[in-house]
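Next comes final17.csv, with CSV, C-alpha atoms and all ligand atoms.
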```
chain,number,residue,atom,x,y,z
A,124,MET,CA,-153.7,-14.8,-13.2
A,125,SER,CA,-151.1,-12.5,-14.6
A,126,GLU,CA,-147.5,-13.7,-14.8
A,127,THR,CA,-145.4,-12.8,-11.7
A,128,LEU,CA,-142.4,-10.6,-12.0
A,129,SER,CA,-140.1,-13.6,-11.2
A,130,GLY,CA,-142.0,-15.5,-13.9
A,131,ILE,CA,-141.4,-12.7,-16.4
A,132,TYR,CA,-137.7,-12.4,-15.4
A,133,THR,CA,-137.2,-16.2,-15.7
A,134,ARG,CA,-138.9,-16.2,-19.0
A,135,LEU,CA,-136.7,-13.4,-20.4
A,136,ALA,CA,-133.6,-15.2,-19.1
A,137,GLY,CA,-134.8,-18.4,-20.7
A,138,GLU,CA,-135.2,-16.6,-24.0
A,139,GLY,CA,-131.6,-15.4,-23.6
A,140,ARG,CA,-132.6,-11.7,-23.5
A,141,ILE,CA,-131.1,-11.2,-20.0
A,142,ASP,CA,-128.5,-13.1,-18.0
A,143,PRO,CA,-130.0,-14.6,-14.8
A,144,ASP,CA,-128.6,-12.7,-11.8
A,145,PRO,CA,-129.3,-13.9,-8.3
A,146,ALA,CA,-129.1,-10.3,-6.9
A,147,GLN,CA,-131.7,-9.1,-9.4
A,148,LEU,CA,-134.0,-12.1,-8.7
A,149,ALA,CA,-133.8,-11.5,-5.0
A,150,VAL,CA,-135.5,-8.1,-5.2
A,151,LEU,CA,-138.4,-9.2,-7.3
A,152,PRO,CA,-140.6,-10.5,-4.4
A,153,GLU,CA,-140.3,-7.0,-2.9
A,154,LEU,CA,-141.6,-5.5,-6.1
A,155,GLU,CA,-144.2,-8.1,-6.4
A,156,ARG,CA,-145.5,-7.2,-2.9
A,157,ILE,CA,-146.0,-3.6,-4.1
A,158,ARG,CA,-147.6,-4.7,-7.3
A,159,GLU,CA,-150.1,-6.9,-5.5
A,160,ALA,CA,-151.0,-4.3,-3.0
A,161,LEU,CA,-151.5,-1.6,-5.6
A,162,GLU,CA,-153.6,-3.9,-7.8
A,163,ALA,CA,-155.8,-4.8,-4.9
A,164,GLN,CA,-156.5,-1.2,-3.9
A,165,PRO,CA,-159.4,0.7,-5.6
A,166,GLU,CA,-158.4,3.3,-8.2
A,167,LYS,CA,-158.4,7.0,-7.2
A,168,ARG,CA,-161.4,9.0,-8.2
A,169,GLY,CA,-161.0,12.3,-9.7
A,170,GLY,CA,-163.2,15.4,-9.2
A,171,LEU,CA,-164.9,16.4,-6.0
A,172,ARG,CA,-165.8,12.9,-5.0
A,173,GLY,CA,-162.2,12.0,-5.2
A,174,LEU,CA,-161.2,15.0,-3.1
A,175,PHE,CA,-163.4,13.9,-0.2
A,176,ALA,CA,-162.8,10.2,-0.6
A,177,LYS,CA,-160.8,8.5,2.2
A,178,THR,CA,-157.2,8.1,1.1
A,179,PRO,CA,-156.0,4.5,1.4
A,180,ASN,CA,-152.7,4.1,3.2
A,181,ALA,CA,-149.9,4.0,0.7
A,182,GLU,CA,-148.2,0.6,0.4
A,183,LYS,CA,-144.5,0.9,1.4
A,184,GLY,CA,-142.4,1.6,-1.7
A,185,LEU,CA,-138.9,0.6,-2.6
A,186,TYR,CA,-135.6,2.5,-2.7
A,187,LEU,CA,-133.4,0.4,-4.9
A,188,TRP,CA,-129.8,1.6,-4.9
A,189,GLY,CA,-126.4,0.4,-6.0
A,190,GLY,CA,-123.5,0.8,-8.4
A,191,VAL,CA,-124.0,1.8,-12.1
A,192,GLY,CA,-125.2,-0.7,-14.6
A,193,ARG,CA,-126.4,-3.2,-12.1
A,194,GLY,CA,-129.9,-3.3,-13.6
A,195,LYS,CA,-131.9,-1.0,-11.2
A,196,SER,CA,-133.6,0.8,-14.0
A,197,MET,CA,-134.2,-2.4,-15.9
A,198,LEU,CA,-136.0,-4.0,-12.9
A,199,MET,CA,-138.0,-0.9,-12.2
A,200,ASP,CA,-139.2,-0.7,-15.8
A,201,LEU,CA,-140.1,-4.4,-15.7
A,202,PHE,CA,-142.1,-3.7,-12.5
A,203,PHE,CA,-143.7,-0.5,-13.9
A,204,ALA,CA,-144.8,-2.2,-17.1
A,205,ALA,CA,-146.4,-5.1,-15.2
A,206,VAL,CA,-148.4,-3.1,-12.6
A,207,ASP,CA,-151.9,-3.2,-13.9
A,208,ILE,CA,-153.3,0.1,-12.5
A,209,GLU,CA,-154.3,3.3,-14.2
A,210,HIS,CA,-152.8,6.0,-12.0
A,211,LYS,CA,-149.1,5.3,-12.4
A,212,ARG,CA,-146.2,7.4,-13.6
A,213,ARG,CA,-142.5,6.7,-14.3
A,214,VAL,CA,-140.3,9.7,-14.6
A,215,HIS,CA,-136.6,10.7,-14.4
A,216,PHE,CA,-136.2,12.3,-10.9
A,217,HIS,CA,-134.4,15.3,-12.3
A,218,ALA,CA,-137.2,16.0,-14.9
A,219,PHE,CA,-139.9,15.5,-12.1
A,220,MET,CA,-138.2,18.1,-9.9
A,221,GLN,CA,-138.0,20.6,-12.7
A,222,GLU,CA,-141.7,20.2,-13.3
A,223,VAL,CA,-142.3,20.7,-9.6
A,224,GLN,CA,-140.2,23.8,-9.5
A,225,ALA,CA,-142.1,25.2,-12.5
A,226,ALA,CA,-145.4,24.4,-10.9
A,227,LEU,CA,-144.3,26.1,-7.6
A,228,HIS,CA,-143.3,29.1,-9.6
A,229,GLU,CA,-146.8,29.3,-11.2
A,230,ALA,CA,-148.5,28.7,-7.8
A,231,ARG,CA,-146.5,31.5,-6.2
A,232,LYS,CA,-147.8,33.9,-8.8
A,233,THR,CA,-151.3,33.4,-7.6
A,234,GLY,CA,-150.3,34.7,-4.2
A,235,VAL,CA,-150.9,31.5,-2.2
A,236,ASP,CA,-149.2,31.4,1.2
A,237,ASP,CA,-148.0,27.9,0.8
A,238,ALA,CA,-147.2,27.0,-2.8
A,239,ILE,CA,-146.2,23.4,-2.0
A,240,LEU,CA,-149.7,22.4,-0.9
A,241,PRO,CA,-151.5,22.9,-4.2
A,242,VAL,CA,-148.6,21.4,-6.2
A,243,ALA,CA,-148.5,18.3,-4.0
A,244,ARG,CA,-152.3,18.0,-4.1
A,245,ASP,CA,-152.3,18.0,-7.9
A,246,ILE,CA,-149.7,15.2,-8.0
A,247,ALA,CA,-151.3,13.1,-5.3
A,248,GLN,CA,-154.8,13.4,-6.8
A,249,SER,CA,-154.0,11.7,-10.0
A,250,LEU,CA,-151.4,9.1,-8.9
A,251,ARG,CA,-151.0,6.0,-6.8
A,252,LEU,CA,-147.6,4.9,-8.0
A,253,LEU,CA,-144.7,7.2,-8.8
A,254,CYS,CA,-141.6,5.6,-10.1
A,255,PHE,CA,-138.4,7.7,-10.2
A,256,ASP,CA,-135.3,6.8,-12.0
A,257,GLU,CA,-132.0,8.1,-10.6
A,258,MET,CA,-133.0,9.9,-7.4
A,259,GLN,CA,-130.2,12.3,-6.5
A,260,ILE,CA,-130.4,15.7,-5.0
A,261,THR,CA,-127.7,18.3,-5.7
A,262,ASP,CA,-129.7,21.4,-5.9
A,263,ILE,CA,-130.5,23.4,-2.7
A,264,ALA,CA,-133.9,24.5,-4.1
A,265,ASP,CA,-134.9,20.9,-4.5
A,266,ALA,CA,-133.4,19.9,-1.1
A,267,MET,CA,-135.4,22.5,0.7
A,268,ILE,CA,-138.8,21.3,-0.7
A,269,VAL,CA,-138.7,17.5,-1.0
A,270,GLY,CA,-139.4,17.0,2.7
A,271,ARG,CA,-142.8,18.7,2.6
A,272,LEU,CA,-143.7,17.6,-0.9
A,273,PHE,CA,-143.1,13.9,-0.2
A,274,GLU,CA,-144.7,14.1,3.3
A,275,TYR,CA,-147.9,15.1,1.5
A,276,LEU,CA,-147.6,12.4,-1.2
A,277,PHE,CA,-146.9,9.7,1.3
A,278,SER,CA,-149.8,10.7,3.5
A,279,HIS,CA,-152.1,10.8,0.4
A,280,GLY,CA,-151.8,7.3,-0.8
A,281,VAL,CA,-148.8,7.6,-3.3
A,282,THR,CA,-146.4,4.8,-3.3
A,283,VAL,CA,-142.9,5.6,-4.4
A,284,VAL,CA,-140.4,3.3,-6.1
A,285,THR,CA,-137.1,4.8,-7.0
A,286,THR,CA,-133.6,3.9,-8.1
A,287,SER,CA,-130.5,5.7,-6.9
A,288,ASN,CA,-126.7,5.3,-6.9
A,289,ARG,CA,-126.6,6.4,-3.3
A,290,VAL,CA,-127.8,5.0,0.0
A,291,PRO,CA,-130.4,7.4,1.5
A,292,ASP,CA,-128.0,8.7,4.1
A,293,ASP,CA,-125.7,9.9,1.4
A,294,LEU,CA,-128.3,11.9,-0.5
A,295,TYR,CA,-127.4,15.6,-0.7
A,296,LYS,CA,-124.1,14.7,1.0
A,297,ASP,CA,-122.2,17.9,2.0
A,298,GLY,CA,-125.1,20.0,0.7
A,299,LEU,CA,-125.8,23.5,2.0
A,300,ASN,CA,-128.1,23.6,5.0
A,301,ARG,CA,-128.1,19.8,5.0
A,302,GLN,CA,-129.7,19.7,8.5
A,303,LEU,CA,-132.9,20.9,6.9
A,304,PHE,CA,-132.8,18.0,4.5
A,305,VAL,CA,-132.3,15.2,7.0
A,306,PRO,CA,-136.1,14.8,7.8
A,307,PHE,CA,-136.6,13.8,4.2
A,308,ILE,CA,-134.1,10.9,4.6
A,309,ASP,CA,-136.0,9.7,7.6
A,310,GLN,CA,-139.3,9.8,5.6
A,311,LEU,CA,-137.7,7.8,2.8
A,312,LYS,CA,-136.6,5.2,5.3
A,313,SER,CA,-140.0,4.9,6.9
A,314,HIS,CA,-142.0,4.9,3.6
A,315,LEU,CA,-139.7,2.9,1.4
A,316,VAL,CA,-137.9,-0.4,1.9
A,317,VAL,CA,-134.2,0.4,1.3
A,318,TRP,CA,-132.6,-2.3,-0.8
A,319,GLU,CA,-129.1,-2.6,-2.2
A,320,LEU,CA,-128.9,-4.2,-5.6
A,321,ALA,CA,-125.5,-5.8,-4.8
A,322,SER,CA,-124.8,-7.5,-8.1
A,323,PRO,CA,-121.1,-7.9,-9.0
A,324,THR,CA,-121.9,-7.3,-12.7
A,325,ASP,CA,-122.0,-3.9,-14.4
A,326,TYR,CA,-124.1,-5.0,-17.4
A,327,ARG,CA,-123.8,-1.7,-19.2
A,328,GLN,CA,-120.1,-2.0,-19.2
A,329,GLN,CA,-120.4,-5.7,-20.2
A,330,LYS,CA,-122.5,-4.8,-23.2
A,331,LEU,CA,-120.2,-2.1,-24.4
A,332,THR,CA,-116.9,-3.9,-23.8
A,333,GLY,CA,-115.2,-4.9,-27.0
A,334,MET,CA,-117.8,-3.0,-29.0
A,335,PRO,CA,-116.5,-0.3,-31.3
A,336,SER,CA,-117.4,3.1,-30.1
A,337,TYR,CA,-115.9,5.4,-32.6
A,338,PHE,CA,-117.1,5.4,-36.2
A,339,SER,CA,-115.6,7.2,-39.1
A,340,PRO,CA,-116.5,8.5,-41.6
A,341,ALA,CA,-119.9,9.7,-40.2
A,342,ASN,CA,-121.9,8.2,-43.1
A,343,ALA,CA,-125.2,6.5,-43.3
A,344,GLU,CA,-123.7,3.2,-42.1
A,345,ALA,CA,-122.3,4.9,-38.9
A,346,ARG,CA,-125.7,6.5,-38.3
A,347,ALA,CA,-127.5,3.2,-38.6
A,348,THR,CA,-125.0,1.6,-36.1
A,349,LEU,CA,-125.6,4.5,-33.7
A,350,ASP,CA,-129.4,4.1,-34.1
A,351,THR,CA,-129.1,0.4,-33.2
A,352,LEU,CA,-126.8,1.1,-30.2
A,353,TRP,CA,-129.2,3.8,-29.0
A,354,ARG,CA,-132.2,1.5,-29.3
A,355,ASP,CA,-130.4,-1.3,-27.5
A,356,MET,CA,-129.3,0.9,-24.6
A,357,THR,CA,-132.6,2.6,-24.1
A,358,ALA,CA,-135.0,-0.3,-24.9
A,359,GLY,CA,-138.2,-0.1,-22.9
A,360,THR,CA,-137.6,3.4,-21.4
A,361,GLY,CA,-139.2,6.6,-22.6
A,362,VAL,CA,-137.0,9.1,-24.3
A,363,GLU,CA,-137.0,12.5,-22.6
A,364,ARG,CA,-135.3,15.8,-23.1
A,365,LEU,CA,-132.7,16.6,-20.5
A,366,THR,CA,-132.7,20.1,-19.3
A,367,LEU,CA,-129.6,21.0,-17.3
A,368,LYS,CA,-129.9,24.1,-15.1
A,369,ILE,CA,-126.7,25.9,-15.0
A,370,LYS,CA,-126.4,29.2,-13.2
A,371,GLY,CA,-130.0,30.1,-14.0
A,372,ARG,CA,-129.7,29.1,-17.6
A,373,ASP,CA,-131.3,26.1,-19.3
A,374,VAL,CA,-129.2,23.8,-21.5
A,375,GLU,CA,-131.3,21.4,-23.5
A,376,ILE,CA,-130.0,18.0,-24.5
A,377,PRO,CA,-132.3,16.8,-27.3
A,378,ALA,CA,-132.6,13.1,-26.3
A,379,PHE,CA,-132.0,11.3,-23.1
A,380,ALA,CA,-133.0,7.9,-21.8
A,381,ASN,CA,-131.8,5.6,-19.1
A,382,GLY,CA,-128.5,7.5,-18.5
A,383,VAL,CA,-127.7,7.8,-22.2
A,384,ALA,CA,-127.8,11.1,-23.9
A,385,ARG,CA,-127.7,11.6,-27.7
A,386,ALA,CA,-126.7,14.8,-29.4
A,387,THR,CA,-124.9,16.1,-32.5
A,388,PHE,CA,-121.7,17.9,-32.6
A,389,TYR,CA,-123.7,20.9,-33.7
A,390,ASP,CA,-126.0,20.7,-30.6
A,391,LEU,CA,-123.1,20.7,-28.2
A,392,CYS,CA,-120.2,22.5,-29.9
A,393,ALA,CA,-121.8,25.0,-32.2
A,394,GLN,CA,-123.8,26.7,-29.4
A,395,PRO,CA,-122.5,29.1,-26.9
A,396,LEU,CA,-121.7,26.6,-24.2
A,397,GLY,CA,-118.8,26.6,-21.8
A,398,PRO,CA,-117.0,24.4,-19.3
A,399,ALA,CA,-119.7,24.6,-16.6
A,400,ASP,CA,-122.3,23.3,-19.1
A,401,TYR,CA,-120.1,20.4,-20.2
A,402,LEU,CA,-119.3,19.5,-16.6
A,403,ALA,CA,-123.0,19.4,-15.8
A,404,LEU,CA,-123.6,17.2,-18.8
A,405,ALA,CA,-120.8,14.8,-17.8
A,406,GLU,CA,-122.3,14.7,-14.3
A,407,ALA,CA,-125.8,13.9,-15.5
A,408,VAL,CA,-125.1,11.1,-18.1
A,409,ARG,CA,-123.3,7.8,-18.2
A,410,VAL,CA,-123.0,7.5,-21.9
A,411,LEU,CA,-122.9,10.2,-24.6
A,412,ILE,CA,-123.7,9.4,-28.2
A,413,LEU,CA,-122.1,12.3,-30.1
A,414,GLU,CA,-122.8,12.4,-33.8
A,415,ASP,CA,-121.2,14.1,-36.8
A,416,ILE,CA,-117.9,15.5,-35.5
A,417,PRO,CA,-116.6,17.4,-38.5
A,418,ARG,CA,-112.9,18.0,-39.5
A,419,LEU,CA,-111.7,20.9,-37.3
A,420,SER,CA,-109.4,23.7,-38.2
A,421,SER,CA,-108.9,27.4,-37.7
A,422,GLU,CA,-112.0,27.9,-39.8
A,423,ASN,CA,-114.2,26.6,-37.0
A,424,TYR,CA,-111.8,27.4,-34.2
A,425,ASN,CA,-114.6,28.2,-31.6
A,426,GLU,CA,-116.3,24.8,-32.2
A,427,ALA,CA,-113.0,23.1,-32.0
A,428,LYS,CA,-112.2,24.8,-28.7
A,429,ARG,CA,-115.5,23.8,-27.3
A,430,PHE,CA,-115.0,20.3,-28.4
A,431,VAL,CA,-111.7,20.1,-26.5
A,432,THR,CA,-113.5,21.4,-23.4
A,433,LEU,CA,-116.3,18.9,-23.9
A,434,ILE,CA,-113.9,15.9,-24.2
A,435,ASP,CA,-112.0,17.1,-21.1
A,436,ALA,CA,-115.2,17.2,-19.1
A,437,LEU,CA,-116.3,13.7,-20.4
A,438,TYR,CA,-112.9,12.4,-19.6
A,439,GLU,CA,-112.9,13.7,-16.1
A,440,GLY,CA,-116.3,12.4,-15.5
A,441,ARG,CA,-115.4,9.0,-17.0
A,442,VAL,CA,-118.4,9.2,-19.3
A,443,ARG,CA,-118.6,6.5,-22.0
A,444,LEU,CA,-118.4,8.3,-25.4
A,445,ILE,CA,-119.8,6.8,-28.6
A,446,ALA,CA,-119.1,9.0,-31.6
A,447,SER,CA,-119.3,9.3,-35.3
A,448,ALA,CA,-116.7,11.6,-36.9
A,449,ALA,CA,-115.4,12.7,-40.3
A,450,ASP,CA,-112.1,11.1,-39.5
A,451,VAL,CA,-110.0,9.2,-37.0
A,452,PRO,CA,-109.1,11.2,-33.8
A,453,ASP,CA,-105.5,12.1,-34.9
A,454,LYS,CA,-106.7,13.4,-38.3
A,455,LEU,CA,-109.6,15.5,-37.0
A,456,TYR,CA,-107.5,18.6,-36.4
A,457,ILE,CA,-104.4,18.8,-38.5
A,458,GLU,CA,-103.8,22.5,-39.2
A,459,GLY,CA,-103.8,25.8,-37.6
A,460,GLU,CA,-103.8,27.3,-34.1
A,461,GLY,CA,-104.7,24.8,-31.5
A,462,THR,CA,-103.2,21.8,-33.1
A,463,PHE,CA,-101.0,21.2,-30.1
A,464,GLU,CA,-103.9,21.4,-27.6
A,465,PHE,CA,-105.8,19.0,-29.8
A,466,GLU,CA,-103.1,16.3,-29.3
A,467,ARG,CA,-104.4,15.7,-25.8
A,468,THR,CA,-108.0,15.6,-27.0
A,469,SER,CA,-107.1,13.1,-29.7
A,470,SER,CA,-105.2,10.9,-27.2
A,471,ARG,CA,-108.1,11.0,-24.8
A,472,LEU,CA,-110.5,10.1,-27.6
A,473,ILE,CA,-108.4,7.0,-28.3
A,474,GLU,CA,-108.2,6.1,-24.6
A,475,MET,CA,-111.9,6.5,-24.2
A,476,GLN,CA,-112.5,3.8,-26.8
A,477,GLY,CA,-110.7,1.3,-24.6
A,478,ALA,CA,-112.6,-1.7,-23.3
A,479,ASP,CA,-112.1,-0.8,-19.6
A,480,TRP,CA,-113.2,2.9,-20.0
A,481,ALA,CA,-116.3,3.6,-18.0
A,482,LYS,CA,-117.9,5.5,-15.2
A,483,GLU,CA,-117.3,4.3,-11.7
A,484,ALA,CA,-120.1,4.2,-9.1
A,485,ALA,CA,-120.9,7.7,-7.9
B,501,LIG,N1,-129.4,-9.4,-16.1
B,501,LIG,C1,-129.1,-8.7,-17.1
B,501,LIG,N2,-128.7,-9.3,-18.3
B,501,LIG,C2,-128.4,-8.6,-19.4
B,501,LIG,N3,-128.5,-7.2,-19.5
B,501,LIG,C3,-128.8,-6.6,-18.4
B,501,LIG,C4,-129.2,-7.2,-17.1
B,501,LIG,N4,-129.5,-6.3,-16.2
B,501,LIG,C5,-129.3,-5.1,-16.8
B,501,LIG,N5,-129.0,-5.3,-18.1
B,501,LIG,C6,-128.7,-4.2,-19.1
B,501,LIG,O1,-127.6,-3.5,-18.7
B,501,LIG,C7,-127.8,-2.1,-18.9
B,501,LIG,C8,-127.7,-1.3,-17.6
B,501,LIG,O2,-128.8,-1.7,-16.8
B,501,LIG,P1,-129.6,-0.5,-16.0
B,501,LIG,O3,-129.7,0.7,-16.9
B,501,LIG,O4,-130.8,-1.1,-15.5
B,501,LIG,O5,-128.6,-0.3,-14.8
B,501,LIG,P2,-128.7,0.7,-13.6
B,501,LIG,O6,-128.5,-0.1,-12.3
B,501,LIG,O7,-130.0,1.5,-13.6
B,501,LIG,O8,-127.5,1.7,-13.8
B,501,LIG,P3,-127.3,3.3,-13.4
B,501,LIG,O9,-127.0,3.3,-12.0
B,501,LIG,O10,-126.2,3.7,-14.2
B,501,LIG,O11,-128.6,4.0,-13.8
B,501,LIG,C9,-129.1,-1.9,-19.6
B,501,LIG,O12,-128.9,-1.9,-21.0
B,501,LIG,C10,-129.9,-3.2,-19.1
B,501,LIG,O13,-130.9,-3.5,-20.0
B,502,MG,MG,-130.4,3.5,-14.0
```
Output the file's structure as structure tokens, nothing else.
Amino acid sequence: MSETLSGIYTRLAGEGRIDPDPAQLAVLPELERIREALEAQPEKRGGLRGLFAKTPNAEKGLYLWGGVGRGKSMLMDLFFAAVDIEHKRRVHFHAFMQEVQAALHEARKTGVDDAILPVARDIAQSLRLLCFDEMQITDIADAMIVGRLFEYLFSHGVTVVTTSNRVPDDLYKDGLNRQLFVPFIDQLKSHLVVWELASPTDYRQQKLTGMPSYFSPANAEARATLDTLWRDMTAGTGVERLTLKIKGRDVEIPAFANGVARATFYDLCAQPLGPADYLALAEAVRVLILEDIPRLSSENYNEAKRFVTLIDALYEGRVRLIASAADVPDKLYIEGEGTFEFERTSSRLIEMQGADWAKEAA
């Protein structure tokens, strides 16, 4: 018989790879229930035979919510890796909804009356388990379709396991036309067991506390250290691109995994990005690894200005910044127009290196 999730967890704790946490242990039987049910069900069949086969009732899923860094994603990944079935998928919720919107767009082009139906059918046909990281709904276009989309998925044998920072009742809080969204909350509550991961420990913060987060100069050694930090923070999760949709434009963040984004100064400050883009970025990530900040001056005034805006957005959003730079903050910008404004940036960069600097629960 394969090792139970509690067994795996206890073994990892015994090996010193994780700290044993009663709140984390307490949710494992719930995940084990889902695993056992899924492993006991027959696999879905593709093709025509699959289309007409009777759909098994989906096992109740899990909505695991709680404050940042409590280990929700870690537990979901442990579960996902252990579930021994073929038709499973783990995806960042934001990325999933972007795929759905793109598929709807394609379906509408073919002139179907109801675009959601073929899109939902495609998803349900090939999946029995759908794991989402970071369910949150901020976009009205998403809010208006999730109800019908998930109704189809739930009634066609798809079990959903998701993490979130919010309790279901607070999803799309204060959103436009929220009354149209409320039925989705009821569906979540009836198809998923809602569980708060009430651990007192923010493990992400614990890991980063006392660890240097600003490296200068930006040499090979700094790069190797950032590589190690990145691997450590994203271990076991797939790296995705993060596409932020801002006023109809797409802003691409080259690497994103488990709340951590990684980009170079060039990616973020040498492109025509503005305050709205940086705010959206700060909203979407917990940690930003920003590499290769150069010396700034009137020569690269536009880049410098964007950098100031970026740091302001990260500061407001209490995002953890890990950076490599040509020099220490107060020597990054020492001549030319903008020196005065940069003083605030430099002071913020120093404050953001502090041990207690981190994102509060959403
Ligand atoms: N019991 C533990 N012992 C040691 N490290 C842990 C433990 N639980 C989680 N971690 C680590 O702490 C970090 C944060 O955990 P994780 O990403 O799972 O949190 P989260 O609840 O998903 O946070 P968020 O809400 O920000 O997405 C990860 O690097 C994870 O591997
Ligand atoms: Mg998470």
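Coordinates place CA of Glu222 (chain A) at a distance of 12.1 Å from CA of Asp245 (chain A).
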Check: Hey, which of A:Ala403, A:Ala347, A:Ala163, A:Ile260 ends up closest to Asp373 (chain A)? Count all atoms listed in the file.
Finding: A:Ala403
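Proximity of A:Glu458, A:Glu406, A:Glu426, A:Asp355 to ligand LIG 501 (chain B), computed with all atoms listed in the file, is greatest for A:Asp355.
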Identify the residues around (-144.4, 14.1, 3.8) within a radius of 12 Å, measuring from only C-alpha atoms in the coordinates stated by the file, and give them as a tab-separated table (two decimals) with C-alpha atoms, in the coordinates of the input.
```
chain	number	residue	atom	x	y	z
A	181	ALA	CA	-149.90	4.00	0.70
A	239	ILE	CA	-146.20	23.40	-2.00
A	240	LEU	CA	-149.70	22.40	-0.90
A	243	ALA	CA	-148.50	18.30	-4.00
A	244	ARG	CA	-152.30	18.00	-4.10
A	247	ALA	CA	-151.30	13.10	-5.30
A	268	ILE	CA	-138.80	21.30	-0.70
A	269	VAL	CA	-138.70	17.50	-1.00
A	270	GLY	CA	-139.40	17.00	2.70
A	271	ARG	CA	-142.80	18.70	2.60
A	272	LEU	CA	-143.70	17.60	-0.90
A	273	PHE	CA	-143.10	13.90	-0.20
A	274	GLU	CA	-144.70	14.10	3.30
A	275	TYR	CA	-147.90	15.10	1.50
A	276	LEU	CA	-147.60	12.40	-1.20
A	277	PHE	CA	-146.90	9.70	1.30
A	278	SER	CA	-149.80	10.70	3.50
A	279	HIS	CA	-152.10	10.80	0.40
A	280	GLY	CA	-151.80	7.30	-0.80
A	281	VAL	CA	-148.80	7.60	-3.30
A	282	THR	CA	-146.40	4.80	-3.30
A	283	VAL	CA	-142.90	5.60	-4.40
A	306	PRO	CA	-136.10	14.80	7.80
A	307	PHE	CA	-136.60	13.80	4.20
A	308	ILE	CA	-134.10	10.90	4.60
A	309	ASP	CA	-136.00	9.70	7.60
A	310	GLN	CA	-139.30	9.80	5.60
A	311	LEU	CA	-137.70	7.80	2.80
A	312	LYS	CA	-136.60	5.20	5.30
A	313	SER	CA	-140.00	4.90	6.90
A	314	HIS	CA	-142.00	4.90	3.60
```
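You will find CA of Leu331 (chain A) at 12.6 Å from CA of Leu349 (chain A).
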Margin query: Taking only C-alpha atoms and all ligand atoms into account, list the residues no farther than 6 Å from ligand MG 502 (chain B), as a count of residues only.
Written below: 4
Next item on the list: Compute the set of protein, DNA and RNA residues whose minimum atom distance to ligand LIG 501 (chain B) is at most 8 Å, using all atoms listed in the file, and state it as a ChimeraX atom specification.
Entry: /A:136,140-144,147,188-199,256-257,286-288,320,325-330,355-358,381-382,409,484
Next item on the list: Can you work out which one of A:Val150, A:Ile434, A:Ile246, A:Leu404 has the shortest atom-to-atom distance to Glu319 (chain A), counting only C-alpha atoms?
Entry: A:Val150
Notebook entry, point to check: Which of these residues is nearest to Arg289 (chain A), using all atoms listed in the file: A:Ala384, A:Val223, A:Val410, A:Leu187?
Noted result: A:Leu187
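Going from CA of Arg467 (chain A) to CA of Pro452 (chain A) covers 10.3 Å.
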Note to self: Which residue is closest to Arg385 (chain A)? Choose from A:Lys183, A:Arg251, A:Arg156, A:Arg443 and count only C-alpha atoms.
What the structure shows: A:Arg443
Next item on the list: Take the point (-113.6, 17.6, -41.8) as written in the file and pick out every residue within 9 Å of it, counting all atoms listed in the file; give the list as number ranges by chain.
Entry: A: 416-420, 448-450, 454-456
Atoms kept (C-alpha atoms) for selection, written as a PDB file, in the frame of the given file:
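Contents of out26.pdb, as written:
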```pdb
ATOM      1  CA  ILE A 416    -117.900  15.500 -35.500  1.00  0.00           C
ATOM      2  CA  PRO A 417    -116.600  17.400 -38.500  1.00  0.00           C
ATOM      3  CA  ARG A 418    -112.900  18.000 -39.500  1.00  0.00           C
ATOM      4  CA  LEU A 419    -111.700  20.900 -37.300  1.00  0.00           C
ATOM      5  CA  SER A 420    -109.400  23.700 -38.200  1.00  0.00           C
ATOM      6  CA  ALA A 448    -116.700  11.600 -36.900  1.00  0.00           C
ATOM      7  CA  ALA A 449    -115.400  12.700 -40.300  1.00  0.00           C
ATOM      8  CA  ASP A 450    -112.100  11.100 -39.500  1.00  0.00           C
ATOM      9  CA  LYS A 454    -106.700  13.400 -38.300  1.00  0.00           C
ATOM     10  CA  LEU A 455    -109.600  15.500 -37.000  1.00  0.00           C
ATOM     11  CA  TYR A 456    -107.500  18.600 -36.400  1.00  0.00           C
TER      12      TYR A 456
END
```
